[in-house]
file my_file.tsv (TSV, C-alpha atoms)
chain	number	residue	atom	x	y	z
A	15	MET	CA	32.40	179.28	21.75
A	16	GLY	CA	29.69	176.81	22.77
A	17	LYS	CA	26.48	177.48	24.65
A	18	TRP	CA	25.26	176.50	28.05
A	19	ARG	CA	22.58	173.81	27.94
A	20	LEU	CA	20.05	172.75	30.57
A	21	VAL	CA	20.38	169.00	31.13
A	22	GLY	CA	17.07	167.34	32.02
A	23	GLU	CA	14.20	168.92	33.90
A	24	PRO	CA	14.57	171.07	37.02
A	25	ILE	CA	14.10	169.10	40.25
A	26	TYR	CA	12.03	170.65	43.02
A	27	THR	CA	12.61	169.35	46.53
A	28	ALA	CA	12.17	170.37	50.15
A	29	ILE	CA	15.60	168.95	50.95
A	30	PHE	CA	18.32	171.49	50.24
A	31	PRO	CA	21.87	170.47	49.39
A	32	PRO	CA	24.25	171.10	52.32
A	33	GLY	CA	25.34	174.72	52.40
A	34	ASP	CA	22.40	175.95	50.31
A	35	GLU	CA	19.73	175.84	53.04
A	36	PRO	CA	17.66	179.00	53.55
A	37	ASP	CA	18.30	181.01	56.70
A	38	PRO	CA	16.07	179.46	59.40
A	39	ALA	CA	15.54	182.86	61.07
A	40	ILE	CA	14.01	184.24	57.87
A	41	VAL	CA	11.85	181.14	57.39
A	42	ARG	CA	10.58	181.48	60.99
A	43	ALA	CA	9.89	185.20	60.47
A	44	ILE	CA	7.86	184.51	57.32
A	45	ARG	CA	5.94	181.70	59.02
A	46	ARG	CA	4.86	184.13	61.76
A	47	PHE	CA	2.46	185.78	59.31
A	48	ASP	CA	2.16	182.85	56.86
A	49	PRO	CA	2.33	179.44	58.55
A	50	ASP	CA	1.89	177.71	55.16
A	51	PHE	CA	5.14	179.10	53.73
A	52	ILE	CA	7.51	176.45	52.33
A	53	PRO	CA	11.00	177.10	50.99
A	54	LEU	CA	11.93	174.66	48.24
A	55	ALA	CA	15.11	174.01	46.32
A	56	CYS	CA	15.13	174.05	42.52
A	57	LEU	CA	18.07	172.05	41.25
A	58	LYS	CA	19.17	172.59	37.66
A	59	MET	CA	22.03	170.83	35.96
A	60	TYR	CA	23.74	172.61	33.06
A	61	GLN	CA	26.32	171.50	30.56
A	62	THR	CA	28.93	174.24	30.23
A	63	PRO	CA	30.32	175.42	26.88
A	64	THR	CA	33.50	173.43	27.60
A	65	GLY	CA	31.53	170.20	28.16
A	66	GLY	CA	31.65	170.19	31.97
A	67	GLU	CA	28.66	170.08	34.31
A	68	ASP	CA	27.47	172.89	36.57
A	69	ARG	CA	24.73	172.38	39.16
A	70	ARG	CA	22.76	175.45	40.19
A	71	VAL	CA	20.55	175.65	43.28
A	72	TYR	CA	17.77	178.23	43.38
A	73	THR	CA	15.53	178.86	46.35
A	74	VAL	CA	11.83	178.76	45.55
A	75	ILE	CA	9.23	180.43	47.71
A	76	ALA	CA	6.07	178.37	47.78
A	77	ARG	CA	3.04	177.80	49.92
A	78	SER	CA	1.27	174.70	51.13
A	79	VAL	CA	-2.31	174.66	49.89
A	80	PRO	CA	-4.45	171.84	51.29
A	81	ASP	CA	-6.40	169.70	48.84
A	82	PRO	CA	-9.96	169.46	50.21
A	83	GLU	CA	-10.43	166.10	48.51
A	84	GLU	CA	-7.38	164.54	50.13
A	85	SER	CA	-7.15	163.38	53.73
A	86	PRO	CA	-4.20	164.95	55.56
A	87	ASP	CA	-3.11	161.43	56.54
A	88	ASP	CA	-2.87	160.36	52.87
A	89	CYS	CA	-0.96	163.43	51.65
A	90	ALA	CA	2.54	163.28	50.31
A	91	PRO	CA	4.93	165.27	52.52
A	92	VAL	CA	5.42	167.89	49.79
A	93	ASN	CA	3.14	168.41	46.83
A	94	VAL	CA	4.74	171.07	44.67
A	95	MET	CA	2.36	173.23	42.66
A	96	LEU	CA	3.93	174.14	39.36
A	97	PRO	CA	2.65	176.70	36.87
A	98	ALA	CA	0.75	174.75	34.24
A	99	LYS	CA	1.00	175.90	30.63
A	100	GLY	CA	1.34	179.57	31.46
A	101	ARG	CA	-1.36	179.68	34.11
A	102	VAL	CA	-0.88	179.46	37.82
A	103	LEU	CA	-2.83	176.90	39.76
A	104	PRO	CA	-5.34	178.48	42.17
A	105	GLY	CA	-4.80	179.12	45.84
A	106	PRO	CA	-1.70	180.90	47.03
A	107	TYR	CA	-0.59	184.47	46.56
A	108	TYR	CA	2.86	183.44	45.42
A	109	PRO	CA	2.12	179.97	44.07
A	110	MET	CA	5.74	179.40	43.37
A	111	LYS	CA	8.43	181.92	42.69
A	112	THR	CA	11.97	180.89	41.86
A	113	LEU	CA	14.43	183.40	43.25
A	114	ALA	CA	16.42	183.97	40.07
A	115	GLU	CA	17.16	186.96	37.89
A	116	LYS	CA	16.62	186.21	34.22
A	117	TRP	CA	18.91	187.67	31.60
A	118	ASP	CA	17.67	190.35	29.21
A	119	GLU	CA	16.72	188.73	25.90
A	120	LYS	CA	19.12	191.01	24.03
A	121	SER	CA	22.13	190.09	26.19
A	122	TRP	CA	24.92	187.75	25.12
A	123	GLN	CA	24.23	185.72	28.30
A	124	PHE	CA	20.66	185.02	27.19
A	125	ARG	CA	21.72	184.16	23.64
A	126	ASN	CA	24.33	181.72	24.99
A	127	GLY	CA	21.99	180.07	27.52
A	128	VAL	CA	23.95	181.23	30.57
A	129	PRO	CA	22.05	180.14	33.72
A	130	GLU	CA	19.98	182.70	35.60
A	131	VAL	CA	21.56	184.46	38.54
A	132	ALA	CA	20.29	183.16	41.88
A	133	ILE	CA	18.73	185.79	44.13
A	134	PRO	CA	19.86	185.29	47.72
A	135	PHE	CA	17.30	184.18	50.32
A	136	ASP	CA	17.70	187.18	52.58
A	137	TRP	CA	15.53	189.72	54.40
A	138	ASN	CA	14.48	191.23	51.07
A	139	VAL	CA	12.65	187.95	50.42
A	140	TYR	CA	10.97	188.30	53.82
A	141	HIS	CA	9.76	191.81	52.91
A	142	PHE	CA	8.55	190.61	49.49
A	143	CYS	CA	6.60	187.74	51.07
A	144	LYS	CA	5.08	189.98	53.72
A	145	SER	CA	4.02	192.57	51.16
A	146	ALA	CA	2.58	189.92	48.83
A	147	TYR	CA	0.78	188.28	51.76
A	148	TRP	CA	-0.93	191.50	52.88
A	149	ARG	CA	-1.88	192.44	49.30
A	150	PHE	CA	-3.41	188.98	48.97
A	151	ARG	CA	-5.28	189.29	52.28
A	152	GLN	CA	-6.57	192.74	51.29
A	153	ALA	CA	-7.81	191.38	47.96
A	154	GLN	CA	-9.39	188.48	49.81
A	155	ARG	CA	-11.25	190.89	52.12
A	156	SER	CA	-12.43	192.86	49.09
A	157	ILE	CA	-13.68	189.69	47.41
A	158	LYS	CA	-15.36	188.60	50.64
A	159	ALA	CA	-17.08	192.00	50.97
A	160	ASP	CA	-18.35	191.77	47.37
A	161	VAL	CA	-19.69	188.26	47.94
A	162	MET	CA	-21.33	189.27	51.23
A	163	GLU	CA	-22.96	192.28	49.56
A	164	ARG	CA	-24.35	190.05	46.81
A	165	VAL	CA	-25.63	187.58	49.41
A	166	ASP	CA	-27.29	190.38	51.39
A	167	ASN	CA	-28.92	191.75	48.21
A	168	ARG	CA	-30.16	188.27	47.32
A	169	ILE	CA	-31.62	187.82	50.82
A	170	ARG	CA	-33.39	191.21	50.60
A	171	GLU	CA	-34.82	190.30	47.17
A	172	GLU	CA	-36.04	186.93	48.43
A	173	ARG	CA	-37.61	188.49	51.54
A	174	ALA	CA	-39.37	191.08	49.38
A	175	ALA	CA	-40.66	188.32	47.09
A	176	VAL	CA	-41.88	186.26	50.08
A	177	GLU	CA	-43.57	189.31	51.62
A	178	SER	CA	-45.27	190.04	48.31
A	179	VAL	CA	-46.55	186.47	48.02
A	180	GLU	CA	-47.68	186.51	51.67
A	181	ALA	CA	-49.50	189.82	51.19
A	182	GLU	CA	-51.24	188.50	48.09
A	183	ALA	CA	-52.12	185.25	49.83
A	184	SER	CA	-53.35	187.14	52.90
A	185	GLY	CA	-55.76	189.13	50.74
A	186	ARG	CA	-57.07	185.94	49.13
A	187	LEU	CA	-57.47	184.32	52.51
A	188	MET	CA	-59.64	187.23	53.64
A	189	ASP	CA	-61.71	186.91	50.45
A	190	ASN	CA	-62.02	183.17	51.00
A	191	ARG	CA	-63.19	183.72	54.57
A	192	ARG	CA	-65.75	186.25	53.36
A	193	GLU	CA	-67.03	183.82	50.73
A	194	LEU	CA	-67.26	181.03	53.33
A	195	TYR	CA	-69.10	183.37	55.69
A	196	ASP	CA	-71.51	184.38	52.91
A	197	ALA	CA	-72.02	180.73	51.95
A	198	VAL	CA	-72.78	179.74	55.54
A	199	ILE	CA	-75.19	182.68	55.94
A	200	ASN	CA	-76.98	181.82	52.68
A	201	ALA	CA	-77.15	178.13	53.52
A	202	VAL	CA	-78.56	178.79	56.99
A	203	GLY	CA	-80.73	181.67	55.99
call {"tool": "encode", "arguments": {"input": "my_file.tsv", "output": "structure tokens"}}
result
Amino acid sequence: MGKWRLVGEPIYTAIFPPGDEPDPAIVRAIRRFDPDFIPLACLKMYQTPTGGEDRRVYTVIARSVPDPEESPDDCAPVNVMLPAKGRVLPGPYYPMKTLAEKWDEKSWQFRNGVPEVAIPFDWNVYHFCKSAYWRFRQAQRSIKADVMERVDNRIREERAAVESVEAEASGRLMDNRRELYDAVINAVG
């Protein structure tokens, strides 16, 4: 028996094949708490063990992350962020997640290259996105609080240093005034 084989690279697109579109009600519900949510299609073409072709469509949950160096007018309609060499590009809380269940490495399906099983784009995806979004927002608040605390500490340290310099300078100014007074008295006297 032959093996399944991926033909070419996966294609990511915002245009879903007819009949494979995500449920618009779920997309709207996700966009209520995350307006930057974008459903994408991942198209993979496989050669079957018998030599035929089998196209698989997976839904990908992604997020639009603006590029601060690019004018919104010059942007491509969809700029897909892919994981790069094992690391995820910065920005979103689910940079890109293909809704597919991978086979266990010990299974005959894995050994024979059988395509992953597509996970349906249903309300479970909505709940996953909402949970991931709030975990991300909580982490963001925690990071913001840490940064603000460091900024406040830095401001206190700088104020203390300025006050110390001012106190030292104030003492010198008084000494300088006394010396000027003594010099004037001695010159006149």
call {"tool": "closest_atom_pairs", "arguments": {"input": "my_file.tsv", "of": "segment 19-63 of chain A", "to": "segment 120-131 of chain A", "cutoff": "12 Å", "atoms": "all atoms listed in the file", "output": "Markdown table"}}
result
| residue | atom | partner | partner_atom | distance |
| --- | --- | --- | --- | --- |
| A:Arg19 | CA | A:Gly127 | CA | 6.3 |
| A:Leu20 | CA | A:Gly127 | CA | 8.2 |
| A:Val21 | CA | A:Pro129 | CA | 11.6 |
| A:Leu57 | CA | A:Pro129 | CA | 11.7 |
| A:Lys58 | CA | A:Pro129 | CA | 9.0 |
| A:Met59 | CA | A:Pro129 | CA | 9.6 |
| A:Tyr60 | CA | A:Pro129 | CA | 7.7 |
| A:Gln61 | CA | A:Val128 | CA | 10.0 |
| A:Thr62 | CA | A:Val128 | CA | 8.6 |
| A:Pro63 | CA | A:Asn126 | CA | 8.9 |
call {"tool": "atom_distance", "arguments": {"input": "my_file.tsv", "atom1": "atom CA of Asp166 of chain A", "atom2": "atom CA of Trp148 of chain A"}}
result
26.4 Å
call {"tool": "atom_distance", "arguments": {"input": "my_file.tsv", "atom1": "atom CA of Ile25 of chain A", "atom2": "atom CA of Lys144 of chain A"}}
result
26.4 Å
call {"tool": "atom_distance", "arguments": {"input": "my_file.tsv", "atom1": "atom CA of Met162 of chain A", "atom2": "atom CA of Tyr147 of chain A"}}
result
22.1 Å
call {"tool": "closest_residue", "arguments": {"input": "my_file.tsv", "among": "A:Tyr195, A:Phe142, A:Trp18, A:Phe135", "to": "Pro36 of chain A", "atoms": "all atoms listed in the file"}}
result
A:Phe135
call {"tool": "closest_residue", "arguments": {"input": "my_file.tsv", "among": "A:Phe47, A:Glu67, A:Ala132, A:Arg77", "to": "Asp34 of chain A", "atoms": "only C-alpha atoms"}}
result
A:Ala132
call {"tool": "residues_around", "arguments": {"input": "my_file.tsv", "residues": "Val74 of chain A", "least_positions_apart": "5", "cutoff": "6 Å", "atoms": "all atoms listed in the file", "output": "PyMOL selection string"}}
result
chain A and resi 53-55+111-113
call {"tool": "closest_residue", "arguments": {"input": "my_file.tsv", "among": "A:Trp137, A:Val165, A:Asp68, A:Arg155", "to": "Asp37 of chain A", "atoms": "all atoms listed in the file"}}
result
A:Trp137
call {"tool": "residues_near_point", "arguments": {"input": "my_file.tsv", "point": "(12.0, 190.8, 53.0)", "cutoff": "12 Å", "atoms": "all atoms listed in the file", "output": "mmCIF file with C-alpha atoms, in the frame of the given file"}}
result
data_model
loop_
_atom_site.group_PDB
_atom_site.id
_atom_site.type_symbol
_atom_site.label_atom_id
_atom_site.label_comp_id
_atom_site.auth_asym_id
_atom_site.auth_seq_id
_atom_site.Cartn_x
_atom_site.Cartn_y
_atom_site.Cartn_z
ATOM 1 C CA ALA A 39 15.540 182.860 61.070
ATOM 2 C CA ILE A 40 14.010 184.240 57.870
ATOM 3 C CA VAL A 41 11.850 181.140 57.390
ATOM 4 C CA ALA A 43 9.890 185.200 60.470
ATOM 5 C CA ILE A 44 7.860 184.510 57.320
ATOM 6 C CA ILE A 75 9.230 180.430 47.710
ATOM 7 C CA PRO A 134 19.860 185.290 47.720
ATOM 8 C CA PHE A 135 17.300 184.180 50.320
ATOM 9 C CA ASP A 136 17.700 187.180 52.580
ATOM 10 C CA TRP A 137 15.530 189.720 54.400
ATOM 11 C CA ASN A 138 14.480 191.230 51.070
ATOM 12 C CA VAL A 139 12.650 187.950 50.420
ATOM 13 C CA TYR A 140 10.970 188.300 53.820
ATOM 14 C CA HIS A 141 9.760 191.810 52.910
ATOM 15 C CA PHE A 142 8.550 190.610 49.490
ATOM 16 C CA CYS A 143 6.600 187.740 51.070
ATOM 17 C CA LYS A 144 5.080 189.980 53.720
ATOM 18 C CA SER A 145 4.020 192.570 51.160
ATOM 19 C CA ALA A 146 2.580 189.920 48.830
ATOM 20 C CA TYR A 147 0.780 188.280 51.760
#
call {"tool": "closest_residue", "arguments": {"input": "my_file.tsv", "among": "A:Arg46, A:Tyr26, A:Asp118, A:Glu171", "to": "Ala76 of chain A", "atoms": "only C-alpha atoms"}}
result
A:Tyr26
call {"tool": "closest_residue", "arguments": {"input": "my_file.tsv", "among": "A:Thr64, A:Thr73, A:Arg45, A:Phe51", "to": "Thr27 of chain A", "atoms": "all atoms listed in the file"}}
result
A:Thr73
call {"tool": "axis_aligned_box", "arguments": {"input": "my_file.tsv", "around": "segment 22-34 of chain A", "padding_each_side": "3 Å", "output": "JSON"}}
result
{"center_x": 18.7, "center_y": 171.6, "center_z": 42.2, "size_x": 19.3, "size_y": 14.6, "size_z": 26.4}
call {"tool": "decode", "arguments": {"input": "my_file.tsv", "residues": "segment 29-81 of chain A", "atoms": "C-alpha atoms", "output": "short mmCIF file (atom, residue, chain, number, x, y, z; two decimals), in the first residue's frame"}}
result
data_model
loop_
_atom_site.label_atom_id
_atom_site.label_comp_id
_atom_site.auth_asym_id
_atom_site.auth_seq_id
_atom_site.Cartn_x
_atom_site.Cartn_y
_atom_site.Cartn_z
CA ILE A 29 -11.29 33.39 0.01
CA PHE A 30 -12.86 30.08 0.99
CA PRO A 31 -13.92 27.50 -1.58
CA PRO A 32 -17.73 27.39 -1.96
CA GLY A 33 -19.27 25.26 0.76
CA ASP A 34 -16.27 25.55 3.09
CA GLU A 35 -16.91 29.09 4.35
CA PRO A 36 -16.92 29.60 8.13
CA ASP A 37 -20.27 30.28 9.79
CA PRO A 38 -20.79 34.07 9.57
CA ALA A 39 -22.64 34.12 12.92
CA ILE A 40 -19.58 32.69 14.68
CA VAL A 41 -17.24 35.11 12.89
CA ARG A 42 -19.46 38.04 13.95
CA ALA A 43 -19.57 36.75 17.55
CA ILE A 44 -15.76 36.51 17.69
CA ARG A 45 -15.36 39.97 16.17
CA ARG A 46 -17.52 41.43 18.96
CA PHE A 47 -14.63 40.96 21.39
CA ASP A 48 -11.81 40.83 18.80
CA PRO A 49 -12.43 43.07 15.78
CA ASP A 50 -9.08 42.00 14.27
CA PHE A 51 -10.09 38.33 13.94
CA ILE A 52 -9.67 36.89 10.44
CA PRO A 53 -10.71 33.40 9.35
CA LEU A 54 -8.46 32.04 6.62
CA ALA A 55 -8.56 28.93 4.48
CA CYS A 56 -5.57 26.60 4.32
CA LEU A 57 -5.72 24.58 1.13
CA LYS A 58 -3.62 21.43 0.93
CA MET A 59 -3.44 19.10 -2.04
CA TYR A 60 -2.53 15.47 -1.39
CA GLN A 61 -1.72 12.59 -3.68
CA THR A 62 -3.58 9.51 -2.45
CA PRO A 63 -1.98 6.07 -2.21
CA THR A 64 -3.85 5.08 -5.39
CA GLY A 65 -2.42 8.04 -7.34
CA GLY A 66 -5.50 10.27 -7.20
CA GLU A 67 -5.66 13.81 -5.81
CA ASP A 68 -7.46 14.90 -2.66
CA ARG A 69 -7.87 18.57 -1.72
CA ARG A 70 -8.32 19.36 1.96
CA VAL A 71 -9.59 22.68 3.30
CA TYR A 72 -8.73 23.65 6.87
CA THR A 73 -9.99 26.77 8.61
CA VAL A 74 -7.26 28.88 10.16
CA ILE A 75 -7.92 31.34 12.95
CA ALA A 76 -5.71 34.37 12.57
CA ARG A 77 -5.58 37.99 13.56
CA SER A 78 -4.80 41.16 11.67
CA VAL A 79 -1.81 42.90 13.21
CA PRO A 80 -1.04 46.33 11.75
CA ASP A 81 2.50 47.04 10.61
#
